[in-house]
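Next comes entry_14.txt, a file with compact mmCIF, C-alpha atoms and all ligand atoms.
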# COMPACT_ATOMS: atom_id res chain seq x y z
CA MET A 1296 98.62 28.15 -181.45
CA ARG A 1297 99.88 26.17 -178.46
CA THR A 1298 98.02 23.21 -177.10
CA PRO A 1299 100.27 21.97 -174.30
CA PHE A 1300 97.58 20.83 -171.92
CA ARG A 1301 95.02 19.62 -174.35
CA ARG A 1302 93.27 16.52 -173.14
CA GLY A 1303 90.23 14.60 -174.14
CA ASN A 1304 88.76 14.06 -177.55
CA PRO A 1305 86.41 16.73 -178.84
CA GLY A 1306 84.83 14.17 -181.16
CA ARG A 1307 83.90 11.92 -178.29
CA PRO A 1308 80.17 11.68 -177.63
CA ALA A 1309 79.13 11.46 -174.02
CA THR A 1310 75.59 10.40 -173.35
CA SER A 1311 73.96 11.14 -170.06
CA GLY A 1312 72.40 8.43 -167.95
CA ARG A 1313 68.75 9.37 -167.53
CA LEU A 1314 67.34 8.73 -164.14
CA ARG A 1315 63.62 9.25 -164.11
CA ALA A 1316 63.09 9.56 -160.40
CA GLY A 1317 61.09 12.78 -160.79
CA ALA A 1318 58.61 11.22 -163.22
CA LEU A 1319 58.24 8.11 -161.07
CA LEU A 1320 57.65 10.26 -158.02
CA LEU A 1321 55.01 12.27 -159.85
CA GLY A 1322 53.25 9.13 -161.02
CA ALA A 1323 53.25 7.68 -157.53
CA THR A 1324 51.98 10.93 -156.06
CA LEU A 1325 49.15 11.25 -158.58
CA LEU A 1326 48.12 7.67 -157.87
CA ALA A 1327 47.94 8.57 -154.22
CA GLY A 1328 45.59 11.38 -155.17
CA VAL A 1329 47.89 14.11 -153.93
CA GLY A 1330 48.79 17.02 -156.19
CA LEU A 1331 52.49 17.65 -156.64
CA THR A 1332 53.95 20.85 -157.95
CA ALA A 1333 57.55 21.59 -158.76
CA CYS A 1334 59.97 20.46 -156.10
CA GLY A 1335 63.07 22.21 -157.36
CA SER A 1336 64.19 22.89 -160.90
CA ASP A 1337 65.35 19.31 -161.25
CA SER A 1338 62.21 17.36 -160.61
CA ASP A 1339 59.82 19.84 -162.18
CA ALA A 1340 61.93 19.46 -165.28
CA ASP A 1341 60.91 15.91 -165.83
CA SER A 1342 57.45 15.81 -164.37
CA ALA A 1343 55.92 18.60 -166.46
CA VAL A 1344 53.66 17.37 -169.19
CA PRO A 1345 54.12 19.04 -172.57
CA SER A 1346 51.34 19.46 -175.06
CA THR A 1347 51.16 16.12 -176.87
CA SER A 1348 48.30 17.42 -179.00
CA ALA A 1349 50.70 19.48 -181.11
CA SER A 1350 50.45 18.55 -184.79
CA PHE A 1351 52.90 19.31 -187.54
CA ALA A 1352 52.99 19.19 -191.32
CA PRO A 1353 54.06 15.73 -192.52
CA GLY A 1354 57.67 15.49 -193.60
CA THR A 1355 58.91 18.25 -191.31
CA THR A 1356 61.54 17.77 -188.61
CA MET A 1357 58.89 18.81 -186.09
CA ALA A 1358 56.57 15.98 -187.24
CA ARG A 1359 59.43 13.47 -187.21
CA LEU A 1360 60.51 14.38 -183.67
CA HIS A 1361 56.95 14.64 -182.37
CA ASP A 1362 56.02 11.26 -183.81
CA ALA A 1363 59.20 9.66 -182.48
CA GLY A 1364 58.41 11.18 -179.07
CA LYS A 1365 62.09 11.78 -178.39
CA ILE A 1366 64.95 14.10 -179.31
CA THR A 1367 68.73 14.24 -178.94
CA VAL A 1368 70.14 17.59 -177.89
CA GLY A 1369 73.81 18.61 -177.71
CA THR A 1370 74.76 20.77 -174.76
CA LYS A 1371 77.64 21.57 -172.43
CA PHE A 1372 78.13 19.39 -169.36
CA ASP A 1373 80.74 21.50 -167.54
CA GLN A 1374 79.34 25.02 -167.66
CA ASN A 1375 77.71 26.20 -164.46
CA LEU A 1376 74.63 28.39 -165.15
CA PHE A 1377 74.27 27.20 -168.79
CA GLY A 1378 74.77 23.44 -168.96
CA LEU A 1379 76.23 21.61 -165.98
CA LYS A 1380 75.72 17.96 -165.16
CA ASN A 1381 74.28 17.64 -161.67
CA LEU A 1382 74.87 14.81 -159.22
CA SER A 1383 72.10 12.69 -160.70
CA GLY A 1384 73.74 12.93 -164.11
CA ARG A 1385 71.37 15.42 -165.72
CA PRO A 1386 72.52 18.75 -167.08
CA GLU A 1387 70.93 21.96 -165.79
CA GLY A 1388 71.23 25.63 -166.68
CA PHE A 1389 69.86 28.28 -169.02
CA ASP A 1390 70.53 26.27 -172.19
CA ILE A 1391 68.68 23.33 -170.67
CA GLU A 1392 65.68 25.52 -169.77
CA ILE A 1393 65.60 26.97 -173.29
CA THR A 1394 65.74 23.42 -174.66
CA LYS A 1395 62.75 22.43 -172.53
CA ILE A 1396 60.74 25.34 -173.92
CA ILE A 1397 61.41 24.02 -177.43
CA THR A 1398 60.90 20.32 -176.71
CA ASP A 1399 57.67 21.06 -174.81
CA ALA A 1400 56.38 22.84 -177.92
CA LEU A 1401 57.29 19.75 -179.95
CA GLY A 1402 55.16 17.67 -177.57
CA ILE A 1403 58.13 15.57 -176.45
CA PRO A 1404 58.04 14.32 -172.85
CA ARG A 1405 60.88 15.77 -170.81
CA ASP A 1406 62.21 12.37 -169.86
CA LYS A 1407 62.61 11.62 -173.58
CA VAL A 1408 64.98 14.52 -174.13
CA ASN A 1409 68.37 12.87 -174.46
CA PHE A 1410 71.13 15.35 -173.66
CA VAL A 1411 74.56 14.47 -175.05
CA GLU A 1412 77.71 16.42 -174.38
CA THR A 1413 78.94 18.69 -177.12
CA VAL A 1414 82.17 20.57 -176.51
CA SER A 1415 82.91 23.76 -178.41
CA ALA A 1416 84.83 22.07 -181.23
CA ASN A 1417 82.34 19.35 -182.13
CA ARG A 1418 79.04 21.24 -182.30
CA GLU A 1419 79.02 21.72 -186.08
CA PRO A 1420 80.13 18.13 -186.86
CA PHE A 1421 77.56 16.67 -184.46
CA ILE A 1422 74.81 18.61 -186.23
CA GLN A 1423 76.14 17.82 -189.70
CA GLN A 1424 76.43 14.11 -188.93
CA GLY A 1425 72.92 13.96 -187.47
CA ARG A 1426 74.26 12.83 -184.09
CA VAL A 1427 72.08 15.50 -182.48
CA ASP A 1428 68.79 17.05 -183.59
CA MET A 1429 69.77 20.44 -182.18
CA VAL A 1430 72.49 22.10 -180.13
CA ALA A 1431 71.90 24.49 -177.21
CA ALA A 1432 75.39 25.11 -175.87
CA THR A 1433 76.42 28.77 -175.40
CA TYR A 1434 76.68 28.62 -179.17
CA THR A 1435 77.54 31.91 -180.84
CA ILE A 1436 75.81 32.59 -184.14
CA ASN A 1437 78.36 33.72 -186.72
CA ASP A 1438 78.84 33.69 -190.48
CA LYS A 1439 81.56 31.05 -190.46
CA ARG A 1440 79.33 28.58 -188.63
CA LYS A 1441 76.30 29.56 -190.71
CA LYS A 1442 78.12 28.13 -193.74
CA VAL A 1443 77.65 24.61 -192.34
CA VAL A 1444 74.75 24.80 -189.84
CA ASP A 1445 71.74 27.06 -189.30
CA PHE A 1446 70.74 28.93 -186.16
CA ALA A 1447 67.45 29.85 -184.57
CA GLY A 1448 67.58 32.73 -182.11
CA PRO A 1449 69.49 34.49 -180.73
CA TYR A 1450 67.95 33.88 -177.31
CA TYR A 1451 70.72 35.59 -175.31
CA ILE A 1452 73.60 37.99 -175.94
CA SER A 1453 76.85 37.45 -174.09
CA GLY A 1454 80.28 39.07 -174.54
CA GLN A 1455 83.88 37.93 -174.28
CA SER A 1456 85.72 38.87 -171.10
CA ILE A 1457 88.82 37.91 -169.10
CA MET A 1458 89.11 36.17 -165.74
CA VAL A 1459 92.23 36.21 -163.59
CA ALA A 1460 93.17 35.14 -160.08
CA LYS A 1461 91.62 37.35 -157.41
CA ASN A 1462 95.04 38.65 -156.28
CA ASN A 1463 96.33 39.35 -159.80
CA THR A 1464 97.26 42.99 -160.33
CA ASP A 1465 99.13 43.04 -163.65
CA ILE A 1466 96.32 41.95 -165.99
CA THR A 1467 93.65 44.60 -166.25
CA GLY A 1468 92.05 43.67 -169.56
CA LYS A 1469 92.76 42.49 -173.10
CA ASP A 1470 95.50 45.09 -173.54
CA SER A 1471 97.71 43.63 -170.81
CA LEU A 1472 97.88 40.04 -172.09
CA ALA A 1473 101.15 40.26 -174.07
CA GLY A 1474 103.44 37.40 -173.01
CA LYS A 1475 100.78 35.96 -170.69
CA LYS A 1476 99.39 32.43 -170.83
CA VAL A 1477 95.73 32.80 -171.70
CA CYS A 1478 93.47 29.77 -171.58
CA SER A 1479 90.44 29.17 -173.78
CA VAL A 1480 88.74 26.29 -175.59
CA SER A 1481 89.43 24.80 -179.02
CA GLY A 1482 86.82 25.64 -181.62
CA SER A 1483 85.41 28.58 -179.66
CA THR A 1484 84.97 32.16 -180.81
CA PRO A 1485 86.97 33.62 -177.88
CA ALA A 1486 89.96 31.41 -178.76
CA GLU A 1487 89.83 32.77 -182.30
CA ASN A 1488 89.21 36.34 -181.27
CA ILE A 1489 92.01 36.57 -178.74
CA HIS A 1490 94.51 36.17 -181.61
CA LYS A 1491 93.14 39.42 -183.02
CA VAL A 1492 92.74 41.48 -179.86
CA ALA A 1493 95.87 40.23 -178.05
CA PRO A 1494 98.20 38.78 -180.69
CA GLN A 1495 101.14 38.64 -178.25
CA ALA A 1496 99.30 36.44 -175.76
CA ASN A 1497 100.26 32.75 -175.51
CA LEU A 1498 97.05 30.84 -176.08
CA VAL A 1499 96.58 27.59 -174.13
CA LEU A 1500 93.70 25.41 -175.34
CA PHE A 1501 91.61 22.80 -173.58
CA ASP A 1502 88.31 21.20 -174.59
CA GLY A 1503 86.30 22.74 -171.73
CA TYR A 1504 86.37 25.93 -169.67
CA SER A 1505 86.31 24.10 -166.32
CA LYS A 1506 89.79 22.79 -167.23
CA CYS A 1507 90.91 26.37 -167.88
CA ALA A 1508 89.64 27.37 -164.42
CA ASP A 1509 91.63 24.50 -162.86
CA ALA A 1510 94.74 25.63 -164.76
CA LEU A 1511 94.25 29.20 -163.55
CA LYS A 1512 93.88 27.99 -159.98
CA ASN A 1513 97.07 25.91 -160.26
CA GLY A 1514 99.02 28.80 -161.73
CA GLN A 1515 99.53 26.99 -165.06
CA VAL A 1516 97.94 29.92 -166.89
CA ASP A 1517 97.57 33.63 -166.12
CA ALA A 1518 94.07 34.26 -167.45
CA VAL A 1519 90.98 32.57 -168.89
CA THR A 1520 88.99 34.12 -171.69
CA THR A 1521 85.47 33.32 -172.85
CA ASP A 1522 81.93 34.70 -172.59
CA ASN A 1523 81.30 36.62 -169.38
CA GLY A 1524 78.33 34.45 -168.33
CA ILE A 1525 80.49 31.32 -168.50
CA LEU A 1526 83.18 33.07 -166.46
CA LEU A 1527 80.55 34.16 -163.90
CA GLY A 1528 79.51 30.52 -163.64
CA LEU A 1529 83.11 29.48 -162.94
CA MET A 1530 83.45 32.24 -160.34
CA ALA A 1531 80.21 31.20 -158.63
CA LYS A 1532 81.52 27.63 -158.30
CA ASP A 1533 84.73 28.83 -156.68
CA PRO A 1534 83.88 31.90 -154.61
CA GLY A 1535 86.72 34.27 -153.76
CA THR A 1536 89.20 32.69 -156.20
CA PHE A 1537 88.84 34.64 -159.43
CA LYS A 1538 87.79 38.06 -160.73
CA LEU A 1539 86.78 39.53 -164.09
CA VAL A 1540 88.84 42.34 -165.61
CA GLY A 1541 88.41 44.71 -168.51
CA GLY A 1542 84.69 44.35 -169.17
CA THR A 1543 83.36 42.70 -172.34
CA PHE A 1544 84.81 43.32 -175.79
CA THR A 1545 82.70 41.24 -178.23
CA LYS A 1546 79.05 40.40 -178.81
CA GLU A 1547 78.20 36.69 -178.61
CA PRO A 1548 74.59 36.04 -179.68
CA TYR A 1549 73.60 32.53 -178.56
CA GLY A 1550 71.60 30.47 -181.04
CA ILE A 1551 70.10 27.01 -181.33
CA GLY A 1552 72.17 25.12 -183.90
CA ILE A 1553 70.28 22.90 -186.35
CA ARG A 1554 70.92 21.16 -189.66
CA LYS A 1555 71.66 23.59 -192.46
CA GLY A 1556 68.71 24.32 -194.72
CA ASP A 1557 65.98 23.18 -192.31
CA THR A 1558 64.08 26.44 -192.56
CA ALA A 1559 60.78 25.08 -191.25
CA PHE A 1560 62.45 23.84 -188.05
CA ARG A 1561 64.32 27.13 -187.66
CA THR A 1562 61.08 29.10 -188.07
CA PHE A 1563 59.34 26.83 -185.55
CA ILE A 1564 62.09 27.37 -182.97
CA ASN A 1565 62.09 31.13 -183.61
CA ASP A 1566 58.30 31.26 -183.18
CA THR A 1567 58.60 29.22 -179.97
CA LEU A 1568 61.30 31.51 -178.57
CA GLN A 1569 59.24 34.57 -179.39
CA ALA A 1570 56.20 33.12 -177.65
CA ALA A 1571 58.38 32.39 -174.60
CA TYR A 1572 59.62 35.99 -174.63
CA SER A 1573 56.03 37.27 -174.50
CA ASP A 1574 54.52 34.92 -171.95
CA GLY A 1575 57.30 35.02 -169.35
CA ARG A 1576 58.79 31.54 -169.85
CA TRP A 1577 62.06 32.97 -171.16
CA ALA A 1578 62.35 35.33 -168.17
CA LYS A 1579 61.67 32.44 -165.79
CA ALA A 1580 64.34 30.31 -167.51
CA TYR A 1581 66.79 33.19 -167.05
CA LYS A 1582 65.86 33.91 -163.42
CA ASP A 1583 66.17 30.24 -162.43
CA THR A 1584 69.68 29.96 -163.87
CA VAL A 1585 71.95 32.86 -164.95
CA GLY A 1586 69.74 35.24 -162.96
CA LYS A 1587 70.98 33.66 -159.75
CA VAL A 1588 74.32 35.43 -160.23
CA GLU A 1589 73.30 38.22 -162.64
CA PRO A 1590 69.92 39.25 -161.24
CA ASN A 1591 68.98 41.96 -163.74
CA THR A 1592 66.94 40.09 -166.31
CA PRO A 1593 67.89 41.47 -169.73
CA THR A 1594 65.43 42.16 -172.50
CA PRO A 1595 65.52 39.10 -174.76
CA PRO A 1596 67.14 39.81 -178.13
CA PRO A 1597 64.90 39.81 -181.21
CA VAL A 1598 65.21 36.56 -183.14
CA ASP A 1599 67.05 36.87 -186.43
CA ARG A 1600 65.07 35.30 -189.27
CA TYR A 1601 67.95 35.62 -191.69
CA THR A 1602 67.56 34.51 -195.25
CA SER A 1603 71.17 34.06 -196.33
N1 LIG B 1701 80.00 31.50 -177.34
C1 LIG B 1701 81.32 31.10 -177.72
C2 LIG B 1701 81.30 30.05 -178.79
O1 LIG B 1701 80.28 29.62 -179.22
C3 LIG B 1701 82.14 30.66 -176.53
C4 LIG B 1701 81.47 29.67 -175.64
C5 LIG B 1701 81.67 28.25 -176.06
O2 LIG B 1701 82.81 27.88 -176.45
O3 LIG B 1701 80.71 27.49 -175.98
O4 LIG B 1701 82.32 29.67 -179.27

Re-express the file's structure as structure tokens.
Amino acid sequence: MRTPFRRGNPGRPATSGRLRAGALLLGATLLAGVGLTACGSDSDADSAVPSTSASFAPGTTMARLHDAGKITVGTKFDQNLFGLKNLSGRPEGFDIEITKIITDALGIPRDKVNFVETVSANREPFIQQGRVDMVAATYTINDKRKKVVDFAGPYYISGQSIMVAKNNTDITGKDSLAGKKVCSVSGSTPAENIHKVAPQANLVLFDGYSKCADALKNGQVDAVTTDNGILLGLMAKDPGTFKLVGGTFTKEPYGIGIRKGDTAFRTFINDTLQAAYSDGRWAKAYKDTVGKVEPNTPTPPPVDRYTS
């Protein structure tokens, strides 16, 4: 495995500065006696009031987090549509909206949800070390990861695909990658899988997919491979620069990563996701984020209440 351009430290935590302008604005507006509804996905995020009357069995993670009134969540900071830090320093995207559904159900105010950056390679260690209470980060559920962490969900199914420069004509899919420089991210399932489906490809690894997109733009690599939704997010940020080839060739069920063995918390998150599937909150989360570039809202996948 080659890592010629690898930069950054996957173990590095990166906390987000939390500017509470939305909450302050809401407070000021209520004082003035004027109702304020959502003014964009950003401000509604922090002004909504979750149910603080929720009560949980003593000793559970839910009770601990509810009583603390705060939570630390690992997510991506560089993935348009899923988890992308905006100009005010807060991440937004589908994973963030799914997180809000869960933290609302825990009765945690939205301005007390502390998002920290997790890159692909440090999600399991961050959960194992208790540096985060949960991870929502385009995180594929698989057996290898289930040995060290547990997953609620899935709440979305993606699939691995390939992105090349718009004018590229020689790469048409996974079968034309032999001898090509293919960029992916350390610790990700697509980086592992590409060894199997295109063993002759020269894998180039970074710690984030936005760096792969830059390398593709600069001609340092010939292709980028990861989940199609992430690639669509990169394409949407740079219109007319890239294209997808060859369709999808894996199934990537996204789960919420939590500490291994915390079955009560996993069940709670699964119940919460299922409720959000039925009452339209999941569909709204999708439409407000990924749905902006992939407008056909999929049917949410059934949660997997696995026992082993
Ligand atoms: N879903 C894949 C994974 O969990 C790729 C996306 C990512 O690296 O976050 O590894």

Exercise answer, 8 Å around ligand LIG 1701 (chain B) with only C-alpha atoms and all ligand atoms, as a CSV table (one decimal) with C-alpha atoms, keeping the file's coordinate frame:
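And here's result.csv as it stands now:
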chain,number,residue,atom,x,y,z
A,1371,LYS,CA,77.6,21.6,-172.4
A,1414,VAL,CA,82.2,20.6,-176.5
A,1415,SER,CA,82.9,23.8,-178.4
A,1416,ALA,CA,84.8,22.1,-181.2
A,1432,ALA,CA,75.4,25.1,-175.9
A,1433,THR,CA,76.4,28.8,-175.4
A,1434,TYR,CA,76.7,28.6,-179.2
A,1435,THR,CA,77.5,31.9,-180.8
A,1436,ILE,CA,75.8,32.6,-184.1
A,1453,SER,CA,76.8,37.4,-174.1
A,1455,GLN,CA,83.9,37.9,-174.3
A,1480,VAL,CA,88.7,26.3,-175.6
A,1481,SER,CA,89.4,24.8,-179.0
A,1482,GLY,CA,86.8,25.6,-181.6
A,1483,SER,CA,85.4,28.6,-179.7
A,1484,THR,CA,85.0,32.2,-180.8
A,1485,PRO,CA,87.0,33.6,-177.9
A,1486,ALA,CA,90.0,31.4,-178.8
A,1503,GLY,CA,86.3,22.7,-171.7
A,1504,TYR,CA,86.4,25.9,-169.7
A,1521,THR,CA,85.5,33.3,-172.8
A,1522,ASP,CA,81.9,34.7,-172.6
A,1525,ILE,CA,80.5,31.3,-168.5
A,1547,GLU,CA,78.2,36.7,-178.6
A,1548,PRO,CA,74.6,36.0,-179.7
A,1549,TYR,CA,73.6,32.5,-178.6

Inset, instruction - In Å, rounded to a single decimal, give me how far CA of His1490 in chain A is from CA of Arg1440 in chain A. - result: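 Pair CA of Arg1440 in chain A / CA of His1490 in chain A returns 18.4 Å.
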
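All protein and nucleic acid residues in the vicinity of (51.4, 22.4, -185.6), that is within 12 Å when counting only C-alpha atoms, are Ser1346, Thr1347, Ser1348, Ala1349, Ser1350, Phe1351, Ala1352, Pro1353, Thr1355, Thr1356, Met1357, Ala1358, His1361, Ala1400, Leu1401, Gly1402, Ala1559, Phe1560, Phe1563, Asp1566 and Thr1567 of chain A.
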
Go ahead and write the selection's residues with C-alpha atoms as a PDB file, in the frame of the given file.
ATOM      1  CA  SER A1346      51.340  19.460-175.060  1.00  0.00           C
ATOM      2  CA  THR A1347      51.160  16.120-176.870  1.00  0.00           C
ATOM      3  CA  SER A1348      48.300  17.420-179.000  1.00  0.00           C
ATOM      4  CA  ALA A1349      50.700  19.480-181.110  1.00  0.00           C
ATOM      5  CA  SER A1350      50.450  18.550-184.790  1.00  0.00           C
ATOM      6  CA  PHE A1351      52.900  19.310-187.540  1.00  0.00           C
ATOM      7  CA  ALA A1352      52.990  19.190-191.320  1.00  0.00           C
ATOM      8  CA  PRO A1353      54.060  15.730-192.520  1.00  0.00           C
ATOM      9  CA  THR A1355      58.910  18.250-191.310  1.00  0.00           C
ATOM     10  CA  THR A1356      61.540  17.770-188.610  1.00  0.00           C
ATOM     11  CA  MET A1357      58.890  18.810-186.090  1.00  0.00           C
ATOM     12  CA  ALA A1358      56.570  15.980-187.240  1.00  0.00           C
ATOM     13  CA  HIS A1361      56.950  14.640-182.370  1.00  0.00           C
ATOM     14  CA  ALA A1400      56.380  22.840-177.920  1.00  0.00           C
ATOM     15  CA  LEU A1401      57.290  19.750-179.950  1.00  0.00           C
ATOM     16  CA  GLY A1402      55.160  17.670-177.570  1.00  0.00           C
ATOM     17  CA  ALA A1559      60.780  25.080-191.250  1.00  0.00           C
ATOM     18  CA  PHE A1560      62.450  23.840-188.050  1.00  0.00           C
ATOM     19  CA  PHE A1563      59.340  26.830-185.550  1.00  0.00           C
ATOM     20  CA  ASP A1566      58.300  31.260-183.180  1.00  0.00           C
ATOM     21  CA  THR A1567      58.600  29.220-179.970  1.00  0.00           C
TER      22      THR A1567
END

Inset, instruction - May I ask for the distance between CA of Val1444 in chain A and CA of Ile1366 in chain A, given in Å to one decimal place? - result: 17.9 Å

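Of the residues under consideration (A:Pro1420, A:Pro1590, A:Pro1596, A:Pro1404), A:Pro1404 shows the shortest atom-to-atom contact distance to Asp1362 in chain A when counting all atoms listed in the file.
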